[in-house]
Each structure stands twice: as structure tokens, then as C-alpha cells.
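> Input structure: model-v2.txt, which contains compact mmCIF, C-alpha atoms.
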```txt
# COMPACT_ATOMS: atom_id res chain seq x y z
CA MET A 1 14.14 10.67 30.52
CA THR A 2 12.53 12.30 27.48
CA PHE A 3 15.02 10.67 25.13
CA LYS A 4 14.42 7.23 26.69
CA LYS A 5 10.69 7.68 26.32
CA ASP A 6 10.77 9.00 22.75
CA TRP A 7 13.68 6.99 21.35
CA TRP A 8 11.43 5.37 18.76
CA LYS A 9 10.59 8.79 17.30
CA TYR A 10 14.26 9.61 16.75
CA ALA A 11 14.80 6.13 15.33
CA SER A 12 11.85 6.56 12.95
CA ALA A 13 13.15 9.94 11.76
CA ILE A 14 16.65 8.56 11.17
CA LEU A 15 15.29 5.51 9.34
CA LEU A 16 13.06 7.72 7.19
CA ILE A 17 16.00 9.92 6.20
CA TYR A 18 17.96 6.77 5.39
CA THR A 19 15.01 5.43 3.37
CA VAL A 20 14.78 8.57 1.24
CA ILE A 21 18.53 8.84 0.59
CA ALA A 22 19.26 5.13 0.09
CA GLY A 23 15.96 4.61 -1.72
CA PHE A 24 17.00 6.95 -4.49
CA LEU A 25 20.74 6.25 -4.57
CA MET A 26 21.29 2.54 -3.90
CA PRO A 27 21.22 0.14 -6.89
CA VAL A 28 18.04 -1.76 -7.78
CA PRO A 29 17.41 -4.71 -10.12
CA ARG A 30 16.93 -3.80 -13.78
CA LEU A 31 13.59 -5.40 -14.55
CA PRO A 32 11.36 -5.07 -17.60
CA ILE A 33 8.57 -2.47 -17.25
CA LEU A 34 9.45 -1.64 -13.62
CA ASN A 35 12.95 -0.25 -14.22
CA GLU A 36 13.66 2.61 -11.79
CA THR A 37 10.05 2.75 -10.59
CA ILE A 38 10.74 -0.24 -8.37
CA ARG A 39 12.18 2.30 -5.91
CA ASN A 40 8.57 3.18 -5.06
CA LEU A 41 8.51 -0.12 -3.16
CA TYR A 42 10.26 1.76 -0.33
CA PHE A 43 7.39 4.22 -0.06
CA HIS A 44 4.07 2.87 -1.37
CA VAL A 45 4.15 -0.54 0.33
CA PRO A 46 5.44 0.52 3.80
CA MET A 47 2.90 3.35 3.88
CA TRP A 48 0.12 0.82 3.45
CA PHE A 49 1.66 -1.47 6.06
CA GLY A 50 1.58 1.49 8.46
CA MET A 51 -1.99 2.34 7.51
CA MET A 52 -3.29 -1.16 8.16
CA LEU A 53 -1.45 -1.44 11.47
CA LEU A 54 -2.91 1.89 12.61
CA PHE A 55 -6.40 0.73 11.62
CA PHE A 56 -6.00 -2.46 13.65
CA VAL A 57 -4.69 -0.54 16.67
CA SER A 58 -7.75 1.69 16.31
CA LEU A 59 -9.86 -1.47 16.33
CA ASN A 60 -8.26 -2.49 19.62
CA GLN A 61 -9.11 0.90 21.12
CA ALA A 62 -12.69 0.60 19.88
CA VAL A 63 -13.05 -2.78 21.58
CA GLN A 64 -11.55 -1.30 24.75
CA TYR A 65 -14.14 1.46 24.68
CA LEU A 66 -17.01 -1.02 24.38
CA ARG A 67 -15.55 -2.92 27.35
CA THR A 68 -14.79 0.03 29.63
CA GLY A 69 -16.78 3.03 28.38
CA ASN A 70 -13.59 5.13 28.61
CA LEU A 71 -13.93 8.04 26.18
CA ASN A 72 -10.14 8.29 25.94
CA CYS A 73 -10.22 4.97 24.09
CA ASP A 74 -12.71 6.44 21.62
CA LEU A 75 -10.50 9.50 21.13
CA ARG A 76 -7.43 7.34 20.47
CA ALA A 77 -9.38 5.07 18.12
CA THR A 78 -10.46 8.06 16.04
CA GLU A 79 -7.02 9.65 15.85
CA TYR A 80 -5.39 6.35 14.90
CA ILE A 81 -7.84 6.24 12.00
CA ASN A 82 -6.97 9.81 11.04
CA ALA A 83 -3.27 8.93 11.06
CA GLY A 84 -3.99 5.75 9.10
CA LEU A 85 -5.89 7.74 6.50
CA THR A 86 -2.94 10.13 6.21
CA LEU A 87 -0.65 7.24 5.30
CA GLY A 88 -3.42 5.72 3.18
CA ILE A 89 -3.77 8.85 1.06
CA ALA A 90 0.00 9.00 0.62
CA GLY A 91 -0.08 5.30 -0.33
CA LEU A 92 -2.80 5.90 -2.91
CA LEU A 93 -0.92 8.81 -4.46
CA THR A 94 2.38 6.92 -4.68
CA GLY A 95 0.54 3.86 -5.98
CA SER A 96 -1.23 5.91 -8.64
CA LEU A 97 2.07 7.43 -9.73
CA TRP A 98 3.61 3.96 -9.90
CA ALA A 99 0.68 2.68 -11.96
CA ARG A 100 1.07 5.54 -14.42
CA TYR A 101 4.65 4.59 -15.27
CA THR A 102 4.27 0.79 -15.18
CA TRP A 103 0.69 0.04 -16.23
CA GLY A 104 0.17 3.13 -18.41
CA ALA A 105 -2.72 4.65 -16.42
CA TRP A 106 -3.19 6.52 -13.15
CA TRP A 107 -5.89 4.02 -12.15
CA VAL A 108 -6.64 0.58 -13.61
CA PHE A 109 -10.30 -0.10 -12.85
CA GLU A 110 -9.98 -3.78 -13.78
CA ASP A 111 -7.56 -4.39 -10.91
CA PRO A 112 -9.47 -5.69 -7.84
CA LYS A 113 -6.82 -4.65 -5.33
CA LEU A 114 -6.93 -1.05 -6.49
CA ASN A 115 -10.71 -0.95 -6.33
CA ASN A 116 -10.86 -2.71 -2.97
CA SER A 117 -8.26 -0.33 -1.57
CA ALA A 118 -10.50 2.57 -2.57
CA VAL A 119 -13.43 0.83 -0.86
CA VAL A 120 -11.46 0.46 2.38
CA MET A 121 -10.47 4.13 2.32
CA ALA A 122 -14.09 5.12 1.62
CA GLU A 123 -15.26 3.05 4.59
CA TYR A 124 -12.98 4.95 6.95
CA PHE A 125 -13.88 8.34 5.49
CA ALA A 126 -17.51 7.34 6.04
CA PHE A 127 -16.53 6.59 9.67
CA LEU A 128 -15.46 10.22 10.13
CA ILE A 129 -18.63 11.51 8.46
CA LEU A 130 -20.76 9.28 10.69
CA ARG A 131 -19.03 10.58 13.82
CA SER A 132 -19.59 14.18 12.82
CA SER A 133 -23.32 13.55 12.44
CA ILE A 134 -23.84 12.40 16.06
CA GLN A 135 -23.87 15.06 18.78
CA ASP A 136 -24.06 12.98 21.98
CA GLU A 137 -20.48 11.94 22.76
CA LYS A 138 -21.32 8.59 24.37
CA GLN A 139 -23.68 7.57 21.57
CA ARG A 140 -21.09 8.77 19.04
CA ALA A 141 -18.38 6.70 20.70
CA LYS A 142 -20.55 3.58 20.85
CA VAL A 143 -21.72 3.79 17.22
CA SER A 144 -18.19 4.61 16.05
CA SER A 145 -16.72 1.65 17.90
CA VAL A 146 -19.20 -0.80 16.41
CA TYR A 147 -18.63 0.65 12.93
CA ASN A 148 -14.87 0.44 13.48
CA ILE A 149 -15.11 -3.29 14.16
CA PHE A 150 -16.99 -3.97 10.92
CA ALA A 151 -14.67 -1.71 8.89
CA ALA A 152 -11.55 -3.46 10.23
CA ALA A 153 -13.11 -6.87 9.57
CA SER A 154 -13.52 -5.95 5.90
CA ILE A 155 -9.80 -5.28 5.38
CA ILE A 156 -8.77 -8.95 5.30
CA PRO A 157 -11.21 -10.13 2.61
CA LEU A 158 -10.98 -6.94 0.53
CA LEU A 159 -7.19 -6.56 0.45
CA PHE A 160 -5.82 -10.05 1.06
CA ILE A 161 -8.36 -12.68 0.01
CA LEU A 162 -10.41 -11.40 -2.95
CA PRO A 163 -7.43 -10.06 -4.97
CA ARG A 164 -5.80 -13.51 -4.78
CA MET A 165 -8.94 -15.14 -6.12
CA SER A 166 -9.02 -13.06 -9.32
CA ASP A 167 -6.62 -11.54 -11.83
CA SER A 168 -4.63 -8.63 -10.45
CA LEU A 169 -1.69 -6.60 -11.70
CA HIS A 170 -0.26 -6.40 -8.19
CA PRO A 171 2.66 -8.75 -7.40
CA GLY A 172 1.61 -11.71 -5.28
CA ASN A 173 -2.00 -11.57 -6.48
CA GLY A 174 -3.89 -13.25 -9.31
CA GLY A 175 -1.05 -15.62 -10.07
CA ASN A 176 1.64 -12.92 -10.22
CA PRO A 177 4.74 -13.73 -8.14
CA GLY A 178 5.47 -11.46 -5.19
CA PHE A 179 8.47 -9.15 -5.11
CA ASN A 180 10.34 -11.26 -2.60
CA THR A 181 10.30 -14.30 -4.88
CA TYR A 182 12.21 -12.81 -7.78
CA ASP A 183 13.61 -9.32 -7.38
CA LEU A 184 13.93 -8.17 -3.76
CA ASP A 185 17.72 -8.58 -3.80
CA SER A 186 20.15 -7.90 -0.95
CA HIS A 187 20.44 -4.21 -1.83
CA MET A 188 16.70 -3.71 -1.73
CA ARG A 189 16.28 -5.59 1.53
CA MET A 190 18.78 -3.17 3.13
CA VAL A 191 16.35 -0.35 2.37
CA PHE A 192 12.92 -2.01 2.34
CA TYR A 193 12.93 -3.41 5.89
CA PRO A 194 14.14 -0.13 7.48
CA ALA A 195 11.54 1.68 5.33
CA VAL A 196 8.75 -0.46 6.80
CA LEU A 197 9.88 0.43 10.33
CA ALA A 198 10.31 4.09 9.39
CA TRP A 199 6.84 4.58 7.92
CA ILE A 200 5.13 2.62 10.69
CA GLY A 201 6.99 4.69 13.29
CA MET A 202 6.08 7.94 11.53
CA GLY A 203 2.46 6.85 11.38
CA PHE A 204 2.33 6.30 15.13
CA TRP A 205 4.16 9.59 15.70
CA ILE A 206 1.52 11.38 13.63
CA ALA A 207 -1.20 9.61 15.63
CA GLN A 208 0.38 10.67 18.92
CA ILE A 209 0.51 14.30 17.78
CA MET A 210 -3.15 14.12 16.71
CA ILE A 211 -4.18 12.61 20.06
CA ARG A 212 -2.36 15.30 22.06
CA THR A 213 -3.79 18.05 19.85
CA LYS A 214 -7.32 16.72 20.28
CA LYS A 215 -6.93 16.53 24.07
CA LEU A 216 -5.72 20.14 24.14
CA GLU A 217 -8.74 21.20 22.05
CA ILE A 218 -11.08 19.44 24.48
CA LYS A 219 -9.43 21.16 27.48
CA LEU A 220 -9.72 24.56 25.79
CA ASP A 221 -13.38 23.93 25.00
CA ASP A 222 -14.02 22.97 28.62
CA GLN A 223 -12.28 26.15 29.85
CA ILE A 224 -14.30 28.34 27.46
CA ALA A 225 -17.53 26.64 28.53
```
Starting from the file, lay out its structure as C-alpha cells.

Amino acid sequence: MTFKKDWWKYASAILLIYTVIAGFLMPVPRLPILNETIRNLYFHVPMWFGMMLLFFVSLNQAVQYLRTGNLNCDLRATEYINAGLTLGIAGLLTGSLWARYTWGAWWVFEDPKLNNSAVVMAEYFAFLILRSSIQDEKQRAKVSSVYNIFAAASIIPLLFILPRMSDSLHPGNGGNPGFNTYDLDSHMRMVFYPAVLAWIGMGFWIAQIMIRTKKLEIKLDDQIA
């Protein structure tokens, strides 16, 4: 029964192992500037896919809290954000490393997608700071849920609309062709698509662990009180 319930965790772990091994060993297109760094596509991009999906699932839980007043929804919304930030930080680090070897700098301040990504991350860190400043749990849950809605609403314009309206070094933005239009060959697709599933699965696994840990902390606090 446990295996049937947690099959996606085993699948995510297997896919992640495959991503790491195949990501470094399978052939990739030899492109100017990118060269071997294109292998970072298996890590940086899926991490951010996972981050955004976790943020939107958190949004759903925030809406559910406002509808029902169930504090479990608030707890899940918060831990999904924590898991999303975990993948987001990993995505920023891998993206910065990629930028160093392709664009010549750890951070290119003229690139709108980089700057907007930092803004999105800052919004969600501010979410955690805001929560920690409110003592009453119901008021904290209500304020957090409303904030969550506005933070999630900003993702679309900041990461998908504005970068396409201005010059950007990122593929698919500012007139640059996306990866899938010129260099995501059959070998890369064999790794990239499993990598997306792997990192999304690991993100939700991390979130589940965080949720269970938080519930245990709450029970221990109640027993001590």
C-alpha cells in the first residue's frame, strides 16, 4: 500500500538519478558560446518550472483558506512556498553559474528576466517575513493568503510578459529564439522532459516533508503547552 501511495516519489528519485547521469554523459549540440554549458538546461530550467508550479499550488491553498478558514490550508500554502523557494534558490545559483560561462558575468543587471526573477524571489521572502511578524494565527493566515494571491499574480507579467517586451539575453525573450526552435535535439529531449518531471516531483516531495515536519512541531508545541 505504501509503494502504491508513494510511487511518484520513487519515480522522481529514479528520474533525477537518470537526469544527473544522462545530463552529463549524453551528447549535446555544439553551439557557439553555449558549448557544454547547455547541459545546465537539465537543471536550471526544470528547477524554475518546479518553483512556479509550487507557488501556484500554494496560491490554490491560500484561496482554499479564504473560502473555508481551514488552517491546514494555510500551513500547506506556506510550506509549498518554502519548497518553491528551495528550488528557486537552486535555480538562481545554477542560472548565475550559467551566466558566468556564457555571458561573462555572474549577474547581468541589464537583463529584465534576471532582475524580475530576483523581484519574484524577494516577494516570497517578504511573505515569510510578514508571516513571522503576526502573532495571531488566524490573522496571520488571512493576511498571508491575500498577500499570496498578489504575489502569484505578479509572476505572469514579471517572468513571461515584460521580458518579451524588451531586450533579454534569455532564449525566447527579446527576439531571441527559444531552445526548442533550434537546438533541443532528440538527445536533449530524452533528458530534458524527464528532468522536468524529476525536479517537479522532488519539489513536491520536499514540500510534503516540510508539511509533515511542521505538523509534528505543532503537535509537540500543543503537548508542551
> Using atom CA of A:Leu54 and atom CA of A:Ile211 as the two end points, give the distance in Å to one decimal.
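According to the coordinates, atom CA of A:Leu54 and atom CA of A:Ile211 are separated by 13.1 Å.
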> Write out as JSON lines the residues of stretch 111-207 of chain A that have any atom within 12 Å of an atom of stretch 14-25 of chain A, one row each with the nearest atom pair and its distance in Å to one decimal, counting all atoms listed in the file, sorted by chain and then rising number.

```
{"residue": "A:His187", "atom": "CA", "partner": "A:Ala22", "partner_atom": "CA", "distance": 9.6}
{"residue": "A:Met188", "atom": "CA", "partner": "A:Gly23", "partner_atom": "CA", "distance": 8.4}
{"residue": "A:Arg189", "atom": "CA", "partner": "A:Gly23", "partner_atom": "CA", "distance": 10.7}
{"residue": "A:Met190", "atom": "CA", "partner": "A:Ala22", "partner_atom": "CA", "distance": 8.9}
{"residue": "A:Val191", "atom": "CA", "partner": "A:Thr19", "partner_atom": "CA", "distance": 6.0}
{"residue": "A:Phe192", "atom": "CA", "partner": "A:Thr19", "partner_atom": "CA", "distance": 7.8}
{"residue": "A:Tyr193", "atom": "CA", "partner": "A:Thr19", "partner_atom": "CA", "distance": 9.4}
{"residue": "A:Pro194", "atom": "CA", "partner": "A:Leu15", "partner_atom": "CA", "distance": 6.0}
{"residue": "A:Ala195", "atom": "CA", "partner": "A:Thr19", "partner_atom": "CA", "distance": 5.5}
{"residue": "A:Val196", "atom": "CA", "partner": "A:Leu15", "partner_atom": "CA", "distance": 9.2}
{"residue": "A:Leu197", "atom": "CA", "partner": "A:Leu15", "partner_atom": "CA", "distance": 7.5}
{"residue": "A:Ala198", "atom": "CA", "partner": "A:Leu16", "partner_atom": "CA", "distance": 5.1}
{"residue": "A:Trp199", "atom": "CA", "partner": "A:Leu16", "partner_atom": "CA", "distance": 7.0}
{"residue": "A:Ile200", "atom": "CA", "partner": "A:Leu16", "partner_atom": "CA", "distance": 10.1}
{"residue": "A:Gly201", "atom": "CA", "partner": "A:Leu16", "partner_atom": "CA", "distance": 9.1}
{"residue": "A:Met202", "atom": "CA", "partner": "A:Leu16", "partner_atom": "CA", "distance": 8.2}
{"residue": "A:Gly203", "atom": "CA", "partner": "A:Leu16", "partner_atom": "CA", "distance": 11.4}
```
> Quick one: of A:Leu216, A:Leu130, A:Leu93, A:Ala118, who's nearest to A:Val146, counting all atoms listed in the file?
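Among the listed residues, the smallest separation from A:Val146 belongs to A:Leu130.
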> Please work out which residues fall within 12 Å of (-6.9, 6.9, -12.0), coordinates as given in the file, with all atoms listed in the file counting, and return them as a tab-separated table (two decimals) with C-alpha atoms, keeping the file's coordinate frame.

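Generated output (out.tsv):
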```tsv
chain	number	residue	atom	x	y	z
A	92	LEU	CA	-2.80	5.90	-2.91
A	93	LEU	CA	-0.92	8.81	-4.46
A	94	THR	CA	2.38	6.92	-4.68
A	95	GLY	CA	0.54	3.86	-5.98
A	96	SER	CA	-1.23	5.91	-8.64
A	97	LEU	CA	2.07	7.43	-9.73
A	98	TRP	CA	3.61	3.96	-9.90
A	99	ALA	CA	0.68	2.68	-11.96
A	100	ARG	CA	1.07	5.54	-14.42
A	103	TRP	CA	0.69	0.04	-16.23
A	104	GLY	CA	0.17	3.13	-18.41
A	105	ALA	CA	-2.72	4.65	-16.42
A	106	TRP	CA	-3.19	6.52	-13.15
A	107	TRP	CA	-5.89	4.02	-12.15
A	108	VAL	CA	-6.64	0.58	-13.61
A	109	PHE	CA	-10.30	-0.10	-12.85
A	110	GLU	CA	-9.98	-3.78	-13.78
A	111	ASP	CA	-7.56	-4.39	-10.91
A	114	LEU	CA	-6.93	-1.05	-6.49
A	115	ASN	CA	-10.71	-0.95	-6.33
A	118	ALA	CA	-10.50	2.57	-2.57
```
> What is the distance, in Å and to one decimal place, between atom CA of A:Ile155 and atom CA of A:Glu137?
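Distance reported for this atom pair: 26.7 Å.
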> Would you work out the distance separating atom CA of A:Ile81 from atom CA of A:Phe55, expressed in Å to one decimal?
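So the two atoms, atom CA of A:Ile81 and atom CA of A:Phe55, lie 5.7 Å apart.
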